$ cat upload35.csv   # CSV, C-alpha atoms
chain,number,residue,atom,x,y,z
B,10,GLN,CA,109.9,-129.9,-49.3
B,11,LYS,CA,111.3,-129.0,-45.8
B,12,ALA,CA,109.4,-131.8,-44.3
B,13,LEU,CA,110.8,-134.3,-46.8
B,14,ALA,CA,114.3,-133.0,-46.3
B,15,ARG,CA,114.2,-134.1,-42.7
B,16,LEU,CA,114.1,-137.7,-44.0
B,17,GLN,CA,117.8,-137.3,-45.0
B,18,ASP,CA,119.3,-137.0,-41.6
B,19,ASP,CA,117.0,-135.2,-39.1
B,20,LEU,CA,114.5,-137.8,-37.9
B,21,PRO,CA,113.9,-138.8,-34.3
B,22,SER,CA,116.6,-141.1,-32.9
B,23,ASP,CA,116.7,-144.0,-30.5
B,24,ASN,CA,117.9,-143.2,-27.0
B,25,LEU,CA,121.3,-144.4,-25.8
B,26,LYS,CA,119.9,-147.3,-23.9
B,27,CYS,CA,118.4,-148.7,-27.0
B,28,VAL,CA,121.5,-148.0,-29.1
B,29,ASN,CA,123.7,-149.8,-26.5
B,30,SER,CA,121.3,-152.7,-26.6
B,31,THR,CA,121.6,-153.0,-30.4
B,32,LEU,CA,125.4,-152.9,-30.1
B,33,LYS,CA,125.3,-155.7,-27.5
B,34,LYS,CA,123.0,-157.9,-29.6
B,35,ALA,CA,125.4,-157.3,-32.5
B,36,LYS,CA,128.3,-158.4,-30.2
B,37,LEU,CA,130.1,-155.1,-30.8
B,38,GLN,CA,129.8,-153.6,-27.3
B,39,ASP,CA,133.4,-154.6,-26.4
B,40,ARG,CA,134.9,-153.0,-29.5
B,41,VAL,CA,132.6,-150.0,-30.1
B,42,GLN,CA,131.5,-147.2,-27.8
B,43,VAL,CA,129.1,-144.4,-28.8
B,44,CYS,CA,129.9,-140.9,-27.4
B,45,GLY,CA,126.6,-139.1,-26.8
B,46,ASN,CA,123.4,-138.6,-28.8
B,47,ALA,CA,123.1,-139.2,-32.6
B,48,ILE,CA,124.6,-136.6,-34.9
B,49,ALA,CA,122.3,-137.7,-37.7
B,50,SER,CA,119.2,-139.9,-38.0
B,51,ALA,CA,117.4,-141.1,-41.1
B,52,SER,CA,114.6,-143.6,-41.8
B,53,ILE,CA,116.6,-146.8,-41.2
B,54,ALA,CA,119.5,-145.9,-38.9
B,55,GLN,CA,121.2,-143.2,-36.9
B,56,VAL,CA,124.9,-142.2,-36.7
B,57,HIS,CA,126.9,-141.4,-33.6
B,58,ILE,CA,130.5,-140.2,-33.0
B,59,GLY,CA,132.2,-143.1,-31.3
B,60,LYS,CA,135.4,-144.9,-30.3
B,61,LEU,CA,136.7,-148.1,-31.7
B,62,TYR,CA,139.0,-150.3,-29.6
B,63,SER,CA,141.4,-152.8,-31.0
B,64,ASP,CA,144.6,-154.7,-30.2
B,65,LYS,CA,146.6,-152.5,-32.5
B,66,ILE,CA,145.2,-149.1,-31.5
B,67,LYS,CA,144.0,-148.2,-28.0
B,68,GLU,CA,141.1,-146.2,-29.4
B,69,ARG,CA,140.2,-144.5,-32.6
B,70,LYS,CA,137.5,-141.9,-33.4
B,71,VAL,CA,134.9,-143.4,-35.7
B,72,ALA,CA,131.4,-142.9,-37.0
B,73,VAL,CA,129.0,-145.6,-35.6
B,74,LYS,CA,125.9,-146.4,-37.6
B,75,VAL,CA,123.2,-148.2,-35.7
B,76,GLN,CA,119.9,-149.5,-37.0
B,77,HIS,CA,116.7,-148.2,-35.4
B,78,HIS,CA,115.2,-150.7,-33.0
B,79,GLY,CA,112.4,-152.7,-34.7
B,80,ILE,CA,112.8,-151.0,-38.1
B,81,ALA,CA,113.3,-154.2,-40.1
B,82,THR,CA,110.0,-155.6,-38.9
B,83,LEU,CA,108.2,-152.3,-39.4
B,84,MET,CA,109.6,-151.6,-42.9
B,85,THR,CA,108.9,-155.1,-44.3
B,86,ALA,CA,105.3,-155.0,-42.9
B,87,ASP,CA,104.8,-151.5,-44.3
B,88,ILE,CA,106.0,-152.4,-47.8
B,89,ARG,CA,103.7,-155.4,-47.8
B,90,ARG,CA,100.7,-153.3,-46.8
B,91,ALA,CA,101.6,-150.5,-49.3
B,92,LEU,CA,101.9,-153.1,-52.1
B,93,ARG,CA,98.5,-154.6,-51.3
B,94,ILE,CA,96.8,-151.2,-51.4
B,95,ALA,CA,98.5,-150.3,-54.7
B,96,GLN,CA,97.5,-153.6,-56.2
B,97,PHE,CA,93.9,-153.1,-55.2
B,98,CYS,CA,93.9,-149.6,-56.6
B,99,ALA,CA,95.5,-150.9,-59.9
B,100,ARG,CA,92.5,-153.2,-60.4
B,101,LEU,CA,90.3,-150.2,-60.3
B,102,ASP,CA,92.5,-147.8,-62.1
B,103,ALA,CA,95.4,-148.7,-64.5
B,104,SER,CA,97.2,-145.5,-63.7
B,105,PHE,CA,98.3,-147.2,-60.4
B,106,GLU,CA,100.2,-149.9,-62.2
B,107,PRO,CA,103.6,-148.0,-62.2
B,108,THR,CA,103.2,-147.6,-58.4
B,109,VAL,CA,102.8,-151.4,-58.1
B,110,THR,CA,106.0,-152.0,-60.2
B,111,ILE,CA,108.0,-149.6,-58.0
B,112,LEU,CA,106.7,-151.2,-54.8
B,113,GLU,CA,107.4,-154.7,-56.1
B,114,SER,CA,111.0,-153.6,-56.9
B,115,TRP,CA,111.4,-152.0,-53.5
B,116,LYS,CA,110.1,-155.2,-51.8
B,117,ARG,CA,112.8,-157.2,-53.6
B,118,GLU,CA,115.6,-154.8,-52.6
B,119,ILE,CA,114.6,-153.7,-49.1
B,120,HIS,CA,116.5,-156.6,-47.4
B,121,LYS,CA,119.8,-155.1,-48.8
B,122,GLU,CA,119.2,-151.8,-47.1
B,123,LEU,CA,118.4,-153.6,-43.8
B,124,SER,CA,121.6,-155.5,-43.8
B,125,PHE,CA,124.7,-153.5,-42.8
B,126,LEU,CA,126.9,-156.4,-43.8
B,127,THR,CA,125.6,-155.9,-47.4
B,128,GLU,CA,126.3,-152.1,-47.1
B,129,VAL,CA,129.8,-152.8,-45.9
B,130,ASP,CA,130.5,-155.1,-48.8
B,131,ASN,CA,129.1,-152.4,-51.2
B,132,ALA,CA,131.2,-149.7,-49.6
B,133,GLN,CA,134.4,-151.8,-50.0
B,134,ARG,CA,133.6,-152.3,-53.6
B,135,ALA,CA,133.0,-148.6,-54.1
B,136,ARG,CA,136.3,-147.8,-52.4
B,137,SER,CA,138.2,-150.1,-54.8
B,138,ALA,CA,136.4,-148.7,-57.8
B,139,LEU,CA,137.1,-145.1,-56.9
B,140,ALA,CA,140.7,-145.7,-55.7
B,141,HIS,CA,142.0,-143.9,-58.8
B,142,PHE,CA,140.2,-140.8,-57.8
B,143,ALA,CA,141.4,-140.6,-54.3
B,144,THR,CA,142.2,-136.9,-54.5
B,145,HIS,CA,138.6,-136.2,-55.5
B,146,VAL,CA,136.4,-138.6,-53.6
B,147,LEU,CA,136.3,-140.6,-50.4
B,148,VAL,CA,134.2,-143.6,-49.3
B,149,PRO,CA,134.7,-144.0,-45.5
B,150,GLU,CA,136.5,-147.2,-44.7
B,151,PRO,CA,134.3,-149.7,-42.8
B,152,LEU,CA,136.3,-151.0,-39.8
B,153,VAL,CA,134.1,-153.5,-37.9
B,154,ALA,CA,130.6,-154.6,-38.7
B,155,ALA,CA,127.5,-156.7,-37.8
B,156,ASP,CA,124.1,-156.9,-39.5
B,157,THR,CA,122.6,-154.1,-37.5
B,158,ALA,CA,125.5,-151.8,-36.7
B,159,PHE,CA,129.0,-150.9,-37.9
B,160,ALA,CA,131.8,-148.5,-37.3
B,161,MET,CA,133.6,-146.6,-40.1
B,162,GLN,CA,136.2,-144.0,-40.6
B,163,PHE,CA,135.2,-140.6,-39.3
B,164,ILE,CA,135.6,-137.7,-41.7
B,165,GLU,CA,136.5,-134.5,-40.0
B,166,ASN,CA,135.1,-131.1,-41.2
B,167,ALA,CA,132.7,-132.6,-43.6
B,168,SER,CA,129.4,-131.0,-44.6
B,169,LYS,CA,126.4,-131.8,-46.8
B,170,ILE,CA,126.8,-130.9,-50.4
B,171,ASP,CA,124.0,-128.4,-50.3
B,172,ASP,CA,125.2,-126.5,-47.2
B,173,ILE,CA,125.5,-123.1,-48.8
B,174,ASP,CA,127.1,-121.4,-45.8
B,175,PHE,CA,129.9,-124.0,-45.7
B,176,LEU,CA,130.4,-123.7,-49.5
B,177,ASP,CA,130.6,-119.9,-49.3
B,178,ALA,CA,133.0,-120.0,-46.3
B,179,TYR,CA,135.5,-121.9,-48.5
B,180,ASP,CA,134.6,-120.0,-51.6
B,181,VAL,CA,133.8,-123.2,-53.5
B,182,ASP,CA,133.1,-123.1,-57.2
B,183,ARG,CA,129.7,-124.7,-57.1
B,184,LYS,CA,129.7,-125.5,-60.9
B,185,ALA,CA,133.0,-127.3,-60.6
B,186,LEU,CA,131.7,-129.2,-57.6
B,187,CYS,CA,128.6,-130.3,-59.5
B,188,THR,CA,130.8,-131.2,-62.5
B,189,LYS,CA,133.0,-133.4,-60.3
B,190,PHE,CA,130.0,-135.1,-58.8
B,191,ALA,CA,128.5,-135.8,-62.3
B,192,HIS,CA,131.8,-137.2,-63.6
B,193,LEU,CA,132.3,-139.5,-60.6
B,194,ILE,CA,128.7,-140.8,-60.9
B,195,SER,CA,129.1,-141.3,-64.6
B,196,TYR,CA,132.3,-143.2,-64.1
B,197,LEU,CA,130.5,-145.6,-61.6
B,198,VAL,CA,127.6,-146.1,-63.9
B,199,PHE,CA,129.2,-146.5,-67.3
B,200,ASP,CA,132.7,-147.7,-66.5
B,201,VAL,CA,132.3,-149.7,-63.3
B,202,GLY,CA,128.7,-150.7,-63.8
B,203,PHE,CA,127.9,-150.2,-60.1
B,204,TYR,CA,126.4,-147.3,-58.4
B,205,ASN,CA,124.7,-145.9,-55.2
B,206,CYS,CA,120.9,-145.8,-55.7
B,207,ASP,CA,120.3,-143.2,-53.0
B,208,PRO,CA,122.7,-140.2,-53.5
B,209,HIS,CA,120.6,-137.5,-51.8
B,210,GLN,CA,122.2,-134.6,-50.0
B,211,GLY,CA,122.4,-136.5,-46.7
B,212,ASN,CA,124.5,-139.2,-48.4
B,213,VAL,CA,126.9,-136.8,-50.3
B,214,LEU,CA,129.2,-134.7,-48.3
B,215,TRP,CA,132.3,-132.6,-49.1
B,216,THR,CA,135.3,-131.7,-47.1
B,217,PRO,CA,138.2,-129.3,-47.7
B,218,THR,CA,141.6,-131.0,-48.0
B,219,ASN,CA,145.1,-130.0,-48.8
B,220,ASP,CA,147.6,-131.9,-50.9
B,221,GLY,CA,150.6,-129.9,-49.5
B,222,SER,CA,150.6,-127.2,-52.2
B,223,ARG,CA,147.0,-126.2,-52.7
B,224,GLN,CA,143.5,-126.4,-51.2
B,225,LEU,CA,141.2,-129.0,-52.7
B,226,LEU,CA,137.7,-130.2,-52.1
B,227,LYS,CA,136.9,-133.9,-51.8
B,228,LEU,CA,133.5,-135.5,-52.1
B,229,VAL,CA,132.4,-138.0,-49.6
B,230,PHE,CA,130.0,-140.8,-50.6
B,231,LEU,CA,128.0,-142.4,-47.8
B,232,ASP,CA,125.4,-145.1,-47.4
B,233,TRP,CA,125.9,-147.9,-49.9
B,234,GLY,CA,123.1,-150.1,-48.6
B,235,TRP,CA,121.0,-149.6,-51.7
B,236,SER,CA,123.4,-150.1,-54.6
B,237,HIS,CA,123.0,-151.8,-58.0
B,238,SER,CA,125.1,-153.6,-60.4
B,239,LEU,CA,124.4,-153.0,-64.1
B,240,SER,CA,124.6,-155.6,-66.8
B,241,PRO,CA,126.3,-154.7,-70.1
B,242,SER,CA,122.9,-154.4,-71.8
B,243,GLU,CA,121.7,-152.0,-69.0
B,244,LYS,CA,124.8,-149.8,-69.4
B,245,LYS,CA,124.3,-149.7,-73.1
B,246,CYS,CA,120.6,-148.8,-72.6
B,247,LEU,CA,121.5,-145.9,-70.3
B,248,ALA,CA,124.2,-144.6,-72.7
$ encode --input "upload35.csv" --output "structure tokens"
Amino acid sequence: QKALARLQDDLPSDNLKCVNSTLKKAKLQDRVQVCGNAIASASIAQVHIGKLYSDKIKERKVAVKVQHHGIATLMTADIRRALRIAQFCARLDASFEPTVTILESWKREIHKELSFLTEVDNAQRARSALAHFATHVLVPEPLVAADTAFAMQFIENASKIDDIDFLDAYDVDRKALCTKFAHLISYLVFDVGFYNCDPHQGNVLWTPTNDGSRQLLKLVFLDWGWSHSLSPSEKKCLA
């Protein structure tokens, strides 16, 4: 379990030379600068604290998400190999057929996770869908993007939803937090018909906030690369 948990945000990261090369190829090097090593690294990309430069603002603190060097080629090759192995096993043993179905589905969808322009479009859609719940949830605003890197709004003082020490430090009602999370996910699935397919602990943060009169907690939904739109019949089936 601990080994699998590292896949969320604690995998080896590319060095800064590699990161800057990716930004240059994405033609973002004049607008985005990373400040030090990655603060999180998952299977496809890593995140850095950075600075965004624009004509309107001299500089702005941002989170910069950069795809690992060569990951697109590696992942597409791996999924083809895994599918071939599963298909061979399924010929010998029918119990492998669900594995084939899963891998075929993943093969169809993987290009979406590998395109950050798709992720940015999905994040913008989620921001619009959740605008009515602005006091309860936040999707960081994408600010500038390319296919292999993008910069987004940096959320201060945020922690993973399962960070027990952080929850206890703010005396958070965990049941209320889980209920809020369930309500928001249900709203996306059944009302909007659009949801994040990968809401693990590394992609769901929370941050304390203040509305001027009382302390509140706000959920932060990250990583919209793998998202899905539901048809009316799919929503009805899930209900």
$ closest_residue --input "upload35.csv" --among "B:Leu123, B:Leu197, B:Val73, B:Ala154" --to "Arg136 in chain B" --atoms "only C-alpha atoms"
B:Leu197
$ closest_residue --input "upload35.csv" --among "B:Val153, B:Leu176, B:Val75, B:Leu112" --to "Arg89 in chain B" --atoms "only C-alpha atoms"
B:Leu112
$ closest_residue --input "upload35.csv" --among "B:Ile88, B:Ala158, B:Ala143, B:Val43" --to "Gln76 in chain B" --atoms "all atoms listed in the file"
B:Ala158
$ atom_distance --input "upload35.csv" --atom1 "CA of Glu122 in chain B" --atom2 "CA of Gly234 in chain B"
4.5 Å
$ closest_residue --input "upload35.csv" --among "B:Gln210, B:Gln55, B:Ser195, B:Asn46" --to "Ala248 in chain B" --atoms "all atoms listed in the file"
B:Ser195
$ residues_around --input "upload35.csv" --residues "range 241-243 of chain B" --least-positions-apart "4" --cutoff "10 Å" --atoms "only C-alpha atoms" --output "NGL selection string"
:B and (198-199 or 202 or 247-248)
$ atom_distance --input "upload35.csv" --atom1 "CA of Gly211 in chain B" --atom2 "CA of Ser137 in chain B"
22.4 Å
$ closest_residue --input "upload35.csv" --among "B:Leu61, B:Ile119, B:Cys44, B:Cys98" --to "Thr82 in chain B" --atoms "only C-alpha atoms"
B:Ile119
$ residues_around --input "upload35.csv" --residues "range 216-218 of chain B" --least-positions-apart "4" --cutoff "7 Å" --atoms "all atoms listed in the file" --output "MDAnalysis selection string"
chainID B and resid 166:168 224:228
